[in-house]
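Listing of data_24.cif; format and content: mmCIF, C-alpha atoms.
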```
data_data
#
loop_
_atom_site.label_atom_id
_atom_site.label_comp_id
_atom_site.auth_asym_id
_atom_site.auth_seq_id
_atom_site.Cartn_x
_atom_site.Cartn_y
_atom_site.Cartn_z
CA MET A 1367 -9.03 31.75 -7.39
CA ASN A 1368 -7.84 28.22 -6.65
CA ASN A 1369 -6.51 28.21 -3.10
CA LYS A 1370 -5.95 24.45 -2.82
CA ILE A 1371 -2.70 23.98 -0.95
CA ARG A 1372 0.22 22.14 -2.51
CA LEU A 1373 2.13 19.91 -0.12
CA PHE A 1374 5.70 19.08 -1.15
CA THR A 1375 7.01 15.97 0.64
CA LEU A 1376 10.56 14.73 1.12
CA ALA A 1377 11.49 11.22 2.21
CA TYR A 1378 13.71 9.78 4.90
CA ALA A 1379 17.13 8.19 4.23
CA GLY A 1380 16.80 5.27 1.83
CA GLY A 1381 13.24 6.26 0.95
CA ASN A 1382 11.81 7.73 -2.23
CA ALA A 1383 8.84 9.71 -3.47
CA TYR A 1384 6.75 6.55 -3.78
CA ILE A 1385 6.37 6.20 0.01
CA TYR A 1386 4.02 9.18 0.01
CA ASN A 1387 1.72 7.89 -2.74
CA ALA A 1388 -0.48 6.18 -0.16
CA TRP A 1389 -1.15 9.60 1.37
CA LYS A 1390 -3.04 10.86 -1.67
CA LYS A 1391 -6.27 9.09 -0.76
CA SER A 1392 -6.36 10.82 2.63
CA LEU A 1393 -5.28 14.28 1.49
CA GLN A 1394 -6.73 14.83 -1.96
CA PRO A 1395 -8.68 16.46 -3.51
CA GLN A 1396 -8.47 19.42 -1.07
CA ILE A 1397 -4.66 19.11 -0.81
CA GLU A 1398 -2.42 18.56 -3.82
CA LEU A 1399 0.32 16.16 -2.78
CA ILE A 1400 3.64 16.51 -4.61
CA PRO A 1401 6.28 13.96 -3.53
CA ILE A 1402 9.78 15.11 -4.57
CA GLU A 1403 12.27 12.54 -5.88
CA LEU A 1404 15.98 12.78 -5.11
CA PRO A 1405 18.64 11.84 -7.67
CA GLY A 1406 19.55 8.16 -7.42
CA HIS A 1407 16.27 7.31 -5.70
CA GLY A 1408 13.03 5.71 -6.89
CA ALA A 1409 12.10 6.85 -10.39
CA ARG A 1410 15.54 8.49 -10.66
CA ILE A 1411 17.48 5.37 -9.65
CA ALA A 1412 19.63 5.48 -12.79
CA GLU A 1413 21.09 8.87 -11.82
CA PRO A 1414 24.18 9.30 -9.63
CA LEU A 1415 23.64 9.52 -5.88
CA VAL A 1416 24.42 12.87 -4.22
CA SER A 1417 25.33 13.57 -0.58
CA ASP A 1418 25.87 17.33 -0.89
CA VAL A 1419 22.83 19.22 0.39
CA SER A 1420 23.46 22.33 -1.72
CA VAL A 1421 23.70 20.25 -4.91
CA ILE A 1422 20.48 18.40 -4.07
CA VAL A 1423 18.64 21.61 -3.22
CA ASN A 1424 19.53 23.14 -6.60
CA ASP A 1425 18.48 19.92 -8.33
CA LEU A 1426 15.15 19.76 -6.51
CA TRP A 1427 14.42 23.42 -7.20
CA GLN A 1428 14.65 22.70 -10.94
CA GLN A 1429 12.20 19.86 -10.39
CA ILE A 1430 9.54 21.90 -8.57
CA GLN A 1431 10.09 25.32 -10.16
CA PRO A 1432 7.10 24.96 -12.56
CA TYR A 1433 4.72 24.77 -9.58
CA PHE A 1434 5.61 28.36 -8.68
CA GLN A 1435 4.34 29.90 -11.90
CA ASP A 1436 1.06 30.63 -10.09
CA GLN A 1437 0.30 32.00 -6.62
CA ARG A 1438 -1.12 28.84 -5.06
CA PRO A 1439 -0.33 28.46 -1.33
CA PHE A 1440 2.13 25.70 -0.48
CA ALA A 1441 3.70 23.83 2.41
CA PHE A 1442 6.55 21.38 2.97
CA PHE A 1443 6.69 18.12 4.89
CA GLY A 1444 9.87 16.15 5.51
CA HIS A 1445 10.64 13.14 7.67
CA SER A 1446 14.10 12.59 9.20
CA MET A 1447 16.57 13.39 6.39
CA GLY A 1448 13.59 14.87 4.58
CA SER A 1449 13.24 17.47 7.34
CA ILE A 1450 16.72 18.77 6.57
CA LEU A 1451 15.91 18.98 2.88
CA ALA A 1452 12.49 20.57 3.50
CA PHE A 1453 14.15 23.19 5.70
CA GLU A 1454 16.72 24.02 3.03
CA MET A 1455 14.16 23.93 0.21
CA ILE A 1456 11.99 26.50 1.99
CA HIS A 1457 14.93 28.90 1.99
CA LYS A 1458 15.72 28.06 -1.64
CA VAL A 1459 12.15 28.79 -2.72
CA TYR A 1460 12.23 32.10 -0.84
CA THR A 1461 15.54 33.04 -2.45
CA GLU A 1462 14.20 32.28 -5.94
CA THR A 1463 10.63 33.59 -5.60
CA GLY A 1464 10.42 35.79 -2.50
CA ARG A 1465 7.64 33.51 -1.24
CA TYR A 1466 7.31 31.45 1.92
CA PRO A 1467 4.99 28.51 2.57
CA VAL A 1468 1.86 29.15 4.63
CA THR A 1469 3.09 26.51 7.08
CA SER A 1470 5.42 23.50 7.11
CA MET A 1471 5.94 20.30 9.08
CA PHE A 1472 9.20 18.75 10.24
CA SER A 1473 9.05 15.14 11.34
CA GLY A 1474 11.41 12.72 13.08
CA ARG A 1475 14.32 15.11 13.24
CA VAL A 1476 15.96 17.38 15.81
CA ALA A 1477 16.42 21.09 15.05
CA PRO A 1478 18.74 21.85 12.09
CA HIS A 1479 21.62 23.30 14.12
CA ILE A 1480 22.00 20.06 16.09
CA ALA A 1481 24.45 17.88 14.18
CA SER A 1482 23.84 14.16 13.77
CA ARG A 1483 25.50 12.05 16.42
CA LYS A 1484 25.49 8.99 14.17
CA GLU A 1485 28.60 8.16 12.15
CA TRP A 1486 27.41 5.07 10.37
CA SER A 1487 27.96 5.73 6.67
CA HIS A 1488 31.57 4.50 6.72
CA LEU A 1489 30.85 1.20 8.53
CA PRO A 1490 31.20 -2.22 6.81
CA ASP A 1491 28.02 -3.36 5.07
CA GLN A 1492 26.88 -5.88 7.69
CA VAL A 1493 27.47 -3.52 10.63
CA PHE A 1494 25.90 -0.62 8.75
CA ILE A 1495 22.73 -2.57 7.99
CA GLU A 1496 22.49 -3.80 11.58
CA LYS A 1497 22.61 -0.18 12.75
CA VAL A 1498 19.94 0.93 10.28
CA VAL A 1499 17.71 -1.98 11.25
CA THR A 1500 17.63 -0.67 14.82
CA LEU A 1501 15.72 2.34 13.49
CA GLY A 1502 13.13 0.10 11.86
CA GLY A 1503 13.65 1.56 8.43
CA ILE A 1504 14.27 -1.52 6.28
CA PRO A 1505 11.27 -3.73 5.44
CA ASP A 1506 11.69 -7.48 6.03
CA VAL A 1507 11.10 -8.14 2.34
CA ILE A 1508 14.35 -6.30 1.56
CA LEU A 1509 16.33 -7.86 4.41
CA GLU A 1510 15.34 -11.31 3.17
CA HIS A 1511 16.52 -10.73 -0.40
CA LYS A 1512 20.24 -10.21 -0.88
CA GLU A 1513 19.84 -8.60 -4.29
CA LEU A 1514 17.42 -5.97 -3.00
CA LEU A 1515 19.61 -5.29 0.00
CA GLU A 1516 22.68 -4.80 -2.19
CA MET A 1517 20.73 -2.28 -4.25
CA ILE A 1518 19.63 -0.20 -1.29
CA ILE A 1519 22.93 -0.12 0.65
CA PRO A 1520 24.55 2.54 -1.61
CA VAL A 1521 21.40 4.66 -1.37
CA LEU A 1522 21.35 4.41 2.41
CA ARG A 1523 25.06 5.20 2.66
CA ALA A 1524 24.71 8.32 0.51
CA ASP A 1525 21.74 9.52 2.54
CA PHE A 1526 23.35 8.84 5.90
CA ARG A 1527 26.48 10.65 4.67
CA LEU A 1528 24.30 13.65 3.78
CA VAL A 1529 22.82 13.74 7.29
CA GLU A 1530 26.18 13.20 9.01
CA GLN A 1531 27.88 15.96 7.02
CA TYR A 1532 25.07 18.50 7.24
CA ARG A 1533 25.87 21.59 9.28
CA TYR A 1534 23.62 24.56 9.87
CA HIS A 1535 25.04 27.68 11.50
CA LYS A 1536 21.84 29.68 11.97
CA GLN A 1537 22.49 31.89 8.95
CA TYR A 1538 18.78 32.29 8.13
CA GLU A 1539 16.15 34.40 9.85
CA ALA A 1540 13.28 32.75 11.71
CA PHE A 1541 10.39 31.68 9.50
CA PRO A 1542 7.54 34.21 9.27
CA PHE A 1543 4.97 31.37 9.35
CA PRO A 1544 3.96 28.70 11.88
CA ILE A 1545 5.61 25.28 11.89
CA THR A 1546 4.64 21.91 13.37
CA VAL A 1547 7.14 19.35 14.67
CA LEU A 1548 6.14 15.68 14.71
CA THR A 1549 7.98 13.05 16.77
CA GLY A 1550 7.67 9.45 17.90
CA GLU A 1551 7.51 8.92 21.67
CA GLN A 1552 10.03 6.08 21.47
CA ASP A 1553 12.40 7.81 19.05
CA GLN A 1554 15.95 8.46 20.25
CA MET A 1555 15.78 12.23 20.55
CA THR A 1556 15.90 14.42 23.64
CA THR A 1557 13.10 16.83 24.45
CA ILE A 1558 15.57 19.72 24.45
CA ASP A 1559 16.74 18.90 20.92
CA ILE A 1560 13.16 18.61 19.68
CA GLU A 1561 11.94 21.79 21.34
CA ALA A 1562 14.87 23.70 19.82
CA TRP A 1563 12.71 23.87 16.68
CA SER A 1564 10.82 26.69 18.42
CA GLU A 1565 13.75 28.98 17.56
CA TYR A 1566 12.98 28.58 13.86
CA SER A 1567 9.66 30.38 13.63
CA SER A 1568 8.46 33.79 14.74
CA PHE A 1569 5.13 32.08 15.51
CA PRO A 1570 4.51 29.65 18.38
CA THR A 1571 5.65 26.17 17.30
CA THR A 1572 3.23 23.25 17.55
CA PHE A 1573 4.62 19.92 18.78
CA LYS A 1574 2.82 16.63 18.16
CA SER A 1575 3.98 13.24 19.43
CA TYR A 1576 2.83 9.78 18.40
CA HIS A 1577 3.12 6.36 19.93
CA GLY A 1578 5.99 4.72 18.09
CA GLY A 1579 9.64 4.92 17.19
CA HIS A 1580 11.47 6.70 14.40
CA PHE A 1581 9.07 5.51 11.70
CA PHE A 1582 5.85 6.52 13.44
CA ILE A 1583 4.70 8.11 10.16
CA ASN A 1584 4.18 4.54 8.93
CA THR A 1585 2.95 2.87 12.11
CA CYS A 1586 0.66 5.79 13.05
CA ALA A 1587 -0.14 6.86 9.49
CA GLU A 1588 -3.86 7.37 10.02
CA GLN A 1589 -3.37 9.77 12.94
CA VAL A 1590 -0.45 11.55 11.27
CA LEU A 1591 -2.44 12.12 8.08
CA ALA A 1592 -5.46 13.34 10.02
CA ASP A 1593 -3.26 15.92 11.74
CA ILE A 1594 -1.58 17.00 8.49
CA ARG A 1595 -4.96 17.39 6.84
CA MET A 1596 -6.29 19.43 9.76
CA ILE A 1597 -3.23 21.71 9.80
CA LEU A 1598 -3.30 22.38 6.05
CA LEU A 1599 -7.06 22.87 5.73
CA GLN A 1600 -6.97 25.25 8.69
CA HIS A 1601 -4.49 27.38 6.76
CA GLU A 1602 -6.55 27.04 3.58
CA ARG A 1603 -9.55 28.49 5.41
CA SER A 1604 -7.50 31.37 6.82
CA ILE A 1605 -6.25 32.21 3.32
CA SER A 1606 -9.80 32.23 1.96
CA LEU A 1607 -11.07 34.65 4.60
#
```

Rewrite the structure of this file - the entire thing - as structure tokens.
Amino acid sequence: MNNKIRLFTLAYAGGNAYIYNAWKKSLQPQIELIPIELPGHGARIAEPLVSDVSVIVNDLWQQIQPYFQDQRPFAFFGHSMGSILAFEMIHKVYTETGRYPVTSMFSGRVAPHIASRKEWSHLPDQVFIEKVVTLGGIPDVILEHKELLEMIIPVLRADFRLVEQYRYHKQYEAFPFPITVLTGEQDQMTTIDIEAWSEYSSFPTTFKSYHGGHFFINTCAEQVLADIRMILLQHERSISL
């Protein structure tokens, strides 16, 4: 029986599936990495953008459904906005298949029931971009090219609107599997809001922090990937026993 774990990854606001391609070298062949693409992003750039979480979740389920034809173990990883989508996708997969992941990782995001305090999506372009730049999420190569910046602004607005509008009212039961929460030491989140993730699993929650701001998954990629690999292979071994 092939017990190699599948890891589904979801990107941050303005990102796309491509950002996770560099992870394959560190994770494969023991871990099958499956970056998920949102409508209007990356390879799906020609499609309309969507800010409704329920619509996106249904869309993404259609995208990954073929991977659930077998009984391979799986996990989810999401960063920032991707954590929201990973959280909702876990419940969607359970609803459709009756299966939960063996573990999952939520990165750069406070617990789901804590609403975003940012209201940036409606701001004028220049002010909006200035706000996003404070997070460190726009590469200089894009900021220096007007055409590229004009292409990404609608994507960023749609994604920020998704995060700002998202509301979770604790309608799901706690996960029956362990979760890990990853954060940057210089990110703008309170310890209380981060530790609130412990309410979301019936197992003890693991918290890992990294030197860096909101995009520590890029600046501390080597350490982050080493931890992800360790977490997933640990679960692979426990499944094989």

### Message
Let me make sure I understand: among A:Pro1505, A:Gly1550, A:Pro1405, A:Gly1474, which one has the smallest atom-to-atom distance to A:Ile1422 if we use only C-alpha atoms?
### Response
A:Pro1405

#### Entry: One-decimal distance in Å that lies between atom CA of A:Arg1523 and atom CA of A:Val1476
20.1 Å

### Message
What's the separation between atom CA of A:Tyr1384 and atom CA of A:His1407, in Å to one decimal place?
### Response
9.7 Å

### Query
Do you know which residues the PyMOL selection byres ((chain A and resi 1415-1421) around 6) returns on this file, as a PyMOL selection string?
chain A and resi 1405-1406+1414+1422-1424+1524+1528

Using the chain letters and numbering of this document, enumerate as a compact mmCIF listing (two decimals) with C-alpha atoms, in the coordinates of the input the residues selected by the PyMOL selection byres ((chain A and resi 1501) around 9).
```txt
# COMPACT_ATOMS: atom_id res chain seq x y z
CA LYS A 1497 22.61 -0.18 12.75
CA VAL A 1498 19.94 0.93 10.28
CA VAL A 1499 17.71 -1.98 11.25
CA THR A 1500 17.63 -0.67 14.82
CA GLY A 1502 13.13 0.10 11.86
CA GLY A 1503 13.65 1.56 8.43
CA ILE A 1504 14.27 -1.52 6.28
CA ASP A 1553 12.40 7.81 19.05
CA GLY A 1579 9.64 4.92 17.19
CA HIS A 1580 11.47 6.70 14.40
CA PHE A 1581 9.07 5.51 11.70
```

### Task
I would like the residues chosen by the PyMOL selection byres ((chain A and resi 1518) around 10) on the shown file; could you give them as an MDAnalysis selection string?
chainID A and resid 1380:1381 1407 1504 1508 1513:1517 1519:1523

### Task
Give me, please, the distance in Å between atom CA of A:Lys1484 and atom CA of A:Val1529, quoted to one decimal.
8.8 Å

#### Entry: Among the residues A:Asp1593, A:Leu1598, A:Lys1370, A:Leu1393, the one that comes closest to A:Phe1442 [using all atoms listed in the file]
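Of the candidates, the smallest distance to A:Phe1442 is held by A:Leu1598.
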
### Message
Given only C-alpha atoms as the basis, pick out the residue of A:Leu1426, A:Pro1544, A:Gln1552, A:Leu1373 nearest to A:Gly1578.
### Response
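Selected residue with least distance to A:Gly1578: A:Gln1552.
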
### Query
Between A:Phe1582, A:Phe1494, A:Phe1443, A:Tyr1460, which one has atoms that come closest to A:Val1547, using all atoms listed in the file?
A:Phe1443

### Message
Report as a PyMOL selection string all protein, DNA and RNA residues lying within 10 Å of A:Ile1385, evaluated on only C-alpha atoms, omitting residues in the same chain fewer than 6 positions from it.
### Response
chain A and resi 1375-1378+1401+1408+1584

### Task
Extract, using only C-alpha atoms, all DNA, RNA and protein residues at most 10 Å from A:Leu1591, discarding same-chain residues fewer than 3 positions from it, and format them as a PyMOL selection string.
chain A and resi 1389-1390+1392-1393+1583+1586-1588+1594-1597

Output file for the residues above (C-alpha atoms, as a compact mmCIF listing (two decimals), keeping the file's coordinate frame):
```txt
# COMPACT_ATOMS: atom_id res chain seq x y z
CA TRP A 1389 -1.15 9.60 1.37
CA LYS A 1390 -3.04 10.86 -1.67
CA SER A 1392 -6.36 10.82 2.63
CA LEU A 1393 -5.28 14.28 1.49
CA ILE A 1583 4.70 8.11 10.16
CA CYS A 1586 0.66 5.79 13.05
CA ALA A 1587 -0.14 6.86 9.49
CA GLU A 1588 -3.86 7.37 10.02
CA ILE A 1594 -1.58 17.00 8.49
CA ARG A 1595 -4.96 17.39 6.84
CA MET A 1596 -6.29 19.43 9.76
CA ILE A 1597 -3.23 21.71 9.80
```

### Query
Could you pull the residues within 10 Å of A:Gln1431, counting all atoms listed in the file, minus those fewer than 4 positions along the same chain, as a count of residues only?
6

### Contact residues around A:Phe1569 with only C-alpha atoms at 10 Å, ignoring same-chain residues under 4 positions, as number ranges by chain
A: 1540-1545, 1564-1565

### Task
Rank A:Ile1402, A:Leu1451, A:Leu1599, A:Val1507 by their smallest atom-to-atom distance to A:Thr1469, using all atoms listed in the file, and report the top residue only.
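Checking each candidate against A:Thr1469, we get A:Leu1599 as the closest.
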
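Closest approach to A:Arg1410 among A:Asn1387, A:Asn1382, A:Val1468, A:Glu1398 is made by A:Asn1382 (distances from all atoms listed in the file).
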
### Message
Give me, as a ChimeraX atom specification, all polymer residues having an atom no more than 12 Å from A:Arg1533, counting all atoms listed in the file and skipping those fewer than 5 positions away in the same chain.
### Response
/A:1418-1420,1450,1454,1477-1483,1527-1528
